[in-house]
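Engineer: Have a look at the structure that comes next, please.
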Amino acid sequence: MITGSEIRHLFLKYFEDRGHTLVASSSLVPHNDPTLLFTNAGMNQFKDCFLGQEKRSYVRAASSQKCVRAGGKHNDLENVGRTARHHTFFEMLGNFSFGDYFKKEAIAYAWGFLTEELKLDKCRLYVTVYTDDDEAADIWHEQEKVPRDRISRFEEDNFWSMGDTGPCGPCSEIFWDNGPEVGCQTPECAVGCDCDRYMEIWNNVFMQFNRSADGTLNPLPKPAVDTGMGLERITTVMQGVTSNYDTDLLRAIIRTIEKLSGKVYGDNLEDDVSMRVMADHSRATAYLIADGVMPSNEGRGYVLRRIMRRAMRHAKMLGFADPVLYKTAVNVLEVMAEAYPQEVERKDFVAKIVQNEEERFIQTLDKGLHILHEEMTRLHKEESSVIPGKTLFKLYDTYGFPVDLTADIVEADGFNIDETGFEICMEQQRSKARKHWKGSGEEAISAVYHNLIEHGETTEFCGYDSLNATSQVTAILHDGEQVSQARVGEQVEIVTATTPFYGESGGQVGDLGSLTAPGVKIAITDTRKPLPELTVHVAKVTEGLLQIGQEVKLSVDPETRQATALNHTATHILQAVLVEVLGDHVKQAGSLVTPERLRFDFSHFSAITTEELRSIEIKVNRRIRENLSVATREMAATEAVTAGATALFGEKYGDRVRVVNVGDFSMELCGGSHTAAAGDIGLFKIVQETGIAAGVRRIEAVTGARALEQVQKQEDSINRMASLVKSDRLQLEDRLGRMVERQKELERELANLESRLKAGQANDIMSQIQEISGVKLLAAQVESTDGKGLREMADKLRDKIGSGVVAIGCPFEGKVNLLVAVTGDLSKQLHAGKLVAALAAEVGGRGGGRPDLAQAGGSQPENLAGALNKVPAMLEEALGS
């Protein structure tokens, strides 16, 4: 039997032999596309090629792309594990043409691979075309000899577009007939039926039009082809099964779950669902985390958390009491290591993230389930079958239950959920999430920059060798529009043919400096790199008139460049030291390098101890003192990675990369500016270490002169503290220690004094006891104190009164504190919570509590005396009722 991996290999080899460049799967986190949550199709990484905004060294490509689709309503996720083909994670095989071949060749390749390479029975293959795509229909019939009665025409599902405007075109799909015994088994069943008999296995998208804003379809000068074939689906065909979960792609993971659980797949329908859920969600979990997504309550992280917690819930249903998802996630990476070798290198990191999330969720799962079952019991008695939105929100907000997980749990007991009510409760959080959501995490690149590239306006960077250059102005942008000149006072963006200015990228900020020409002076306040081939100088004209085509001198500010270089080289040393001190699981999760400071985010699962932080700082400075040479060189990307260079996972690199070595201690792919030797850094000082997300820590540090300034500021602070306590620096610690001890002693004396005063006050007000309908009542105003002080006094008064009611109040910080206490023998007859609520209403407040003790507050201290005078009447009324 052919395996899924063999099919993947055959597909890629087939297209490589036909002139296609094999392109590795891109990250599940899409780059430069704010519209996408996750990579969900093979064409995502080629989007700019289809739009004509990016030129590559090839015009034909093929890939096997990791995909995740899990961002919709909860029902999408709920179907996973319950149907034969719903998944969160899947692989999409695809071949692509960027203005090279078109319909004839694409159809020939698809048909040839299926019928000649895989040797599928032509009699079980059907095709569809767009309603009026006679060209594609004729190619299928005349070129590939597909009978006309096997060619169907559809409108809705057979036309594809990238958006409301832009490239679009008809589709042609290939279907496999699973046989009359599968599906609805009706005589009318045919291609297009919603049942499982006819299964789409290949889709050819022919991008031949450009749709304008008014809906007009204009032919593209260079039509393109985008195809996709789900690996899981074609594997079911080749292995003679009808469910994706019965293919070796998923059965290997299910076997691991069988082994861990001691259960057998196929013995119990509900257990089978749980095993399928765990198998699918383990794949999504493993590859999302490997690509840098961390579980959280926002954006991608929340979708990942939903997937993980649904899998954890099903693990519990299978009998697992301890974390297990981390084991199946690692198993996924190992099973698929041949196809995705880089990801399996992160298996220890993935395991720790997943295990940490599992341990956190297990702590709250039982509590949340208890609340949910209590709610279902209550609703059942009321003959209601809808879980209220407020309950859904409480489970989500307090116990971490995604709403689709709750829906999944209650469905078996015949309950639905009030999703509208939940959405109302969530609106505030959803509004906050929308404010923070930035799509891919990057801004959409303005079309004006793409237009410049299309017209050949690229920039050559010469700033590694020199901070000065003479070049020609090739473009000036003002408010996002191209202009021919820039006048004094205008804020503009300037493009030159060559530049020594480093454009912001790789975490390093852009250079500052100046641009001059005879009679012209311009301040460069930032440098950006919106596209790999384009550098843009953000500038303000301070003198003269700048024009297109003018020759100018560009000068980078040497001090800020050098300060930035110190911090960048220090960042490389820091990363290597973090691995040395904390372990191999440390991976870069983000960075910022400026002239003033450096910031480095990295994966780690606990707070860094004081000892670890001290060790990190010592080791970095030791490397600096060794004065290791910093060397840079260009080499092939594959060669660099093989040699052990550290790359930012998921980052897009070209065929050739720049490698930066700090001695033999650090080796990274990096395009930034660096020092000539580590010793140039001088001093490295950590300013702060914090956690910024689950499993992600951040170190902020300074170097060189700023590190010295930091040390001097700390010394100045110590000197000021010593002066304040009339000590010298050497005696400061002892002096502060003695002062703290004296402070604690004084606080203890004060507490004793206050306690004695309150006891005395309690004795004084005992004379105010009165009797209401045979019940002792003490209602009195006491000295100002907080809630804790009021409780302590009430305890003493209740002990003294023996049997009765205590109602006391006091003004406190412009408001009112109230307390009512009822002795145990009367707590069934009287309710302190109700009494204090009535009392609070008299002083503009509210409150409540237990039958024996209740507290409240109010905003009208001027009404306190009058309120306490009404307590006898309140008590009499309560006793009468």
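Residues are referred to by chain and number: the chain letter is A, B, ... according to the order shown in the structure tokens, the number counts from 1 in that chain, and ligands are numbered separately from 1 in the order shown.
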Within region 274-364 of chain A, find each residue whose DSSP state, derived from the backbone, is alpha helix (DSSP H), and express the selection as a PyMOL selection string.
Structural biologist: chain A and resi 274-290+299-317+325-335+341-344+347-364
Engineer: Would you please extract all strand (DSSP E or B) residues from region 66-194 of chain A, as assigned by DSSP on the backbone, and give them as JSON, numbers by chain?
Structural biologist: {"A": [66, 67, 68, 89, 90, 91, 92, 93, 94, 95, 96, 97, 98, 125, 126, 127, 128, 129, 130, 151, 152, 153, 154, 159, 160, 161, 166, 167, 168, 169, 170, 171, 172, 173, 174, 175, 176, 177]}
Engineer: Could you work out how far CA of Gly292 (chain A) lies from CA of Gly506 (chain A), giving the answer in Å with one decimal?
Structural biologist: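 A separation of 16.0 Å between them.
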Engineer: Skipping near chain neighbours, those fewer than 3 positions away, what residues fall within 6 Å of region 154-160 of chain A using only C-alpha atoms, listed as a list in words?
Structural biologist: Tyr130, Thr131, Cys168, Gly169, Pro170 and Cys171 of chain A
Engineer: If we count only C-alpha atoms, what is near Arg528 (chain A) at a cut-off of 12 Å, once residues fewer than 4 positions away on the same chain are taken out, given as a ChimeraX atom specification?
Structural biologist: /A:445,449,459,493-495,499,501-512,524,532-539
Engineer: Please produce, as JSON lines, a per-residue contact table for region 492-603 of chain A versus region 624-639 of chain A (criterion: any atom at most 12 Å away, only C-alpha atoms considered), showing the nearest atom pair and its distance in Å to one decimal, sorted by chain then residue number.
Structural biologist:
{"residue": "A:Ala565", "atom": "CA", "partner": "A:Val630", "partner_atom": "CA", "distance": 11.2}
{"residue": "A:Leu566", "atom": "CA", "partner": "A:Ile624", "partner_atom": "CA", "distance": 10.6}
{"residue": "A:Asn567", "atom": "CA", "partner": "A:Ile624", "partner_atom": "CA", "distance": 11.9}
{"residue": "A:His568", "atom": "CA", "partner": "A:Val630", "partner_atom": "CA", "distance": 11.5}
{"residue": "A:Thr569", "atom": "CA", "partner": "A:Val630", "partner_atom": "CA", "distance": 8.3}
{"residue": "A:Ala570", "atom": "CA", "partner": "A:Ile624", "partner_atom": "CA", "distance": 8.3}
{"residue": "A:Thr571", "atom": "CA", "partner": "A:Ile624", "partner_atom": "CA", "distance": 11.7}
{"residue": "A:His572", "atom": "CA", "partner": "A:Val630", "partner_atom": "CA", "distance": 10.6}
{"residue": "A:Ile573", "atom": "CA", "partner": "A:Ile624", "partner_atom": "CA", "distance": 8.4}
{"residue": "A:Leu574", "atom": "CA", "partner": "A:Ile624", "partner_atom": "CA", "distance": 10.5}
{"residue": "A:Val577", "atom": "CA", "partner": "A:Ile624", "partner_atom": "CA", "distance": 11.7}
Engineer: Go ahead and write the selection's residues with N, CA and C atoms as a compact mmCIF listing (two decimals), in the first residue's frame.
Structural biologist:
# COMPACT_ATOMS: atom_id res chain seq x y z
N ALA A 565 24.87 49.23 16.51
CA ALA A 565 25.71 48.05 16.25
C ALA A 565 26.13 47.36 17.55
N LEU A 566 26.47 48.17 18.57
CA LEU A 566 26.83 47.59 19.87
C LEU A 566 25.69 46.73 20.41
N ASN A 567 24.48 47.28 20.34
CA ASN A 567 23.33 46.55 20.88
C ASN A 567 22.99 45.32 20.05
N HIS A 568 23.22 45.40 18.74
CA HIS A 568 22.88 44.25 17.89
C HIS A 568 23.85 43.09 18.14
N THR A 569 25.14 43.38 18.18
CA THR A 569 26.10 42.31 18.46
C THR A 569 25.88 41.75 19.86
N ALA A 570 25.54 42.61 20.82
CA ALA A 570 25.26 42.15 22.18
C ALA A 570 24.05 41.22 22.20
N THR A 571 23.06 41.49 21.33
CA THR A 571 21.87 40.63 21.26
C THR A 571 22.26 39.23 20.82
N HIS A 572 23.16 39.13 19.85
CA HIS A 572 23.62 37.82 19.38
C HIS A 572 24.33 37.06 20.51
N ILE A 573 25.19 37.77 21.24
CA ILE A 573 25.90 37.13 22.35
C ILE A 573 24.91 36.70 23.43
N LEU A 574 23.93 37.57 23.71
CA LEU A 574 22.90 37.26 24.72
C LEU A 574 22.15 36.00 24.36
N VAL A 577 24.23 32.96 25.06
CA VAL A 577 24.39 32.75 26.50
C VAL A 577 23.10 32.21 27.12
Engineer: Mind checking which residues fall within 12 Å of Asp825 (chain A), counting only C-alpha atoms, ignoring those fewer than 4 positions away in the same chain, and posting them as a PyMOL selection string?
Structural biologist: chain A and resi 775+798+802-805+821+829-831+851-852
Engineer: Can those selected residues be exported to a file as a compact mmCIF listing (two decimals), in the first residue's frame so that it contains C-alpha atoms?
Structural biologist:
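Final output, saved to result_10.txt:
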# COMPACT_ATOMS: atom_id res chain seq x y z
CA VAL A 775 -33.97 40.65 71.61
CA ARG A 798 -21.05 40.01 70.01
CA GLY A 802 -24.12 36.88 74.38
CA SER A 803 -27.42 36.79 72.49
CA GLY A 804 -28.64 39.61 70.27
CA VAL A 805 -27.87 41.92 67.36
CA ALA A 821 -23.78 40.84 63.40
CA GLN A 829 -34.87 34.12 62.93
CA LEU A 830 -32.93 37.20 61.74
CA HIS A 831 -30.70 37.76 58.67
CA PRO A 851 -27.16 35.51 58.02
CA ASP A 852 -24.72 35.91 60.94
Engineer: When distances are computed from only C-alpha atoms, which of A:Arg60, A:Lys263, A:His585, A:Arg738 shows the smallest separation from Ala351 (chain A)?
Structural biologist: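 Checking each candidate against Ala351 (chain A), we get A:His585 as the closest.
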Engineer: Provide the CA of Phe209 (chain A) to CA of Pro223 (chain A) distance in Å, to one decimal place.
Structural biologist: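 About the pair CA of Phe209 (chain A) and CA of Pro223 (chain A): they are 7.5 Å apart.
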Engineer: Region 198-289 of chain A near region 3-13 of chain A within 10 Å: what's each residue's closest atom pair and its distance in Å to one decimal, counting only C-alpha atoms, ordered by chain then ascending residue number, as a tab-separated table?
Structural biologist:
residue	atom	partner	partner_atom	distance
A:Met229	CA	A:Phe11	CA	10.0
A:Leu231	CA	A:Gly4	CA	7.1
A:Glu232	CA	A:Gly4	CA	7.5
A:Arg233	CA	A:Gly4	CA	9.9
A:Ile234	CA	A:Ile7	CA	8.3
A:Thr235	CA	A:Gly4	CA	5.6
A:Thr236	CA	A:Gly4	CA	8.9
A:Met238	CA	A:Thr3	CA	8.4
A:Gln239	CA	A:Thr3	CA	7.8
A:Thr247	CA	A:Gly4	CA	7.7
A:Asp248	CA	A:Thr3	CA	6.6
A:Leu249	CA	A:Gly4	CA	6.0
A:Leu250	CA	A:Gly4	CA	9.7
Engineer: Mind checking which residues fall within 7 Å of Ala84 (chain A), counting only C-alpha atoms, ignoring those fewer than 3 positions away in the same chain, and posting them as a PyMOL selection string?
Structural biologist: chain A and resi 243-245
Engineer: Pull N, CA and C atoms from the residues just selected and write them as a compact mmCIF listing (two decimals), in the first residue's frame.
Structural biologist:
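File again-v6.txt, as written:
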# COMPACT_ATOMS: atom_id res chain seq x y z
N SER A 243 -12.56 7.42 5.02
CA SER A 243 -12.33 8.45 6.04
C SER A 243 -10.86 8.83 6.07
N ASN A 244 -10.58 10.13 6.16
CA ASN A 244 -9.20 10.58 6.26
C ASN A 244 -8.51 9.99 7.48
N TYR A 245 -9.30 9.73 8.53
CA TYR A 245 -8.73 9.22 9.78
C TYR A 245 -8.30 7.75 9.66
Engineer: To one decimal in Å, tell me the separation between CA of Glu200 (chain A) and CA of Pro167 (chain A).
Structural biologist: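 So the answer is 23.5 Å.
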Engineer: Which is closer to Ile139 (chain A) than all the others in A:Leu853, A:Ile151, A:Leu839, A:Ala70, using only C-alpha atoms?
Structural biologist: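 Of A:Leu853, A:Ile151, A:Leu839, A:Ala70, the one nearest Ile139 (chain A), counting only C-alpha atoms, is A:Ile151.
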Engineer: Name all residues at most 8 Å from region 395-408 of chain A (count only C-alpha atoms; drop same-chain ones fewer than 4 positions away) and give them as a list in words.
Structural biologist: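 Within the cut-off, the hits are His74, Asn75, Leu77, Glu78, Arg306, Arg309, Arg310, Arg313, Phe361, Thr364, Leu365, Lys367, Gly368, Leu372, Thr391, Ala412, Asn416 and Ile417 of chain A.
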Engineer: Return the single residue from A:Glu668, A:Gly414, A:Glu749, A:Ala722 that is closest to Glu383 (chain A), with distances computed using only C-alpha atoms.
Structural biologist: A:Gly414
Engineer: For Arg487 (chain A), which residue among A:Thr675, A:Ser827, A:Gln547, A:Thr165 is the nearest when counting only C-alpha atoms?
Structural biologist: A:Gln547
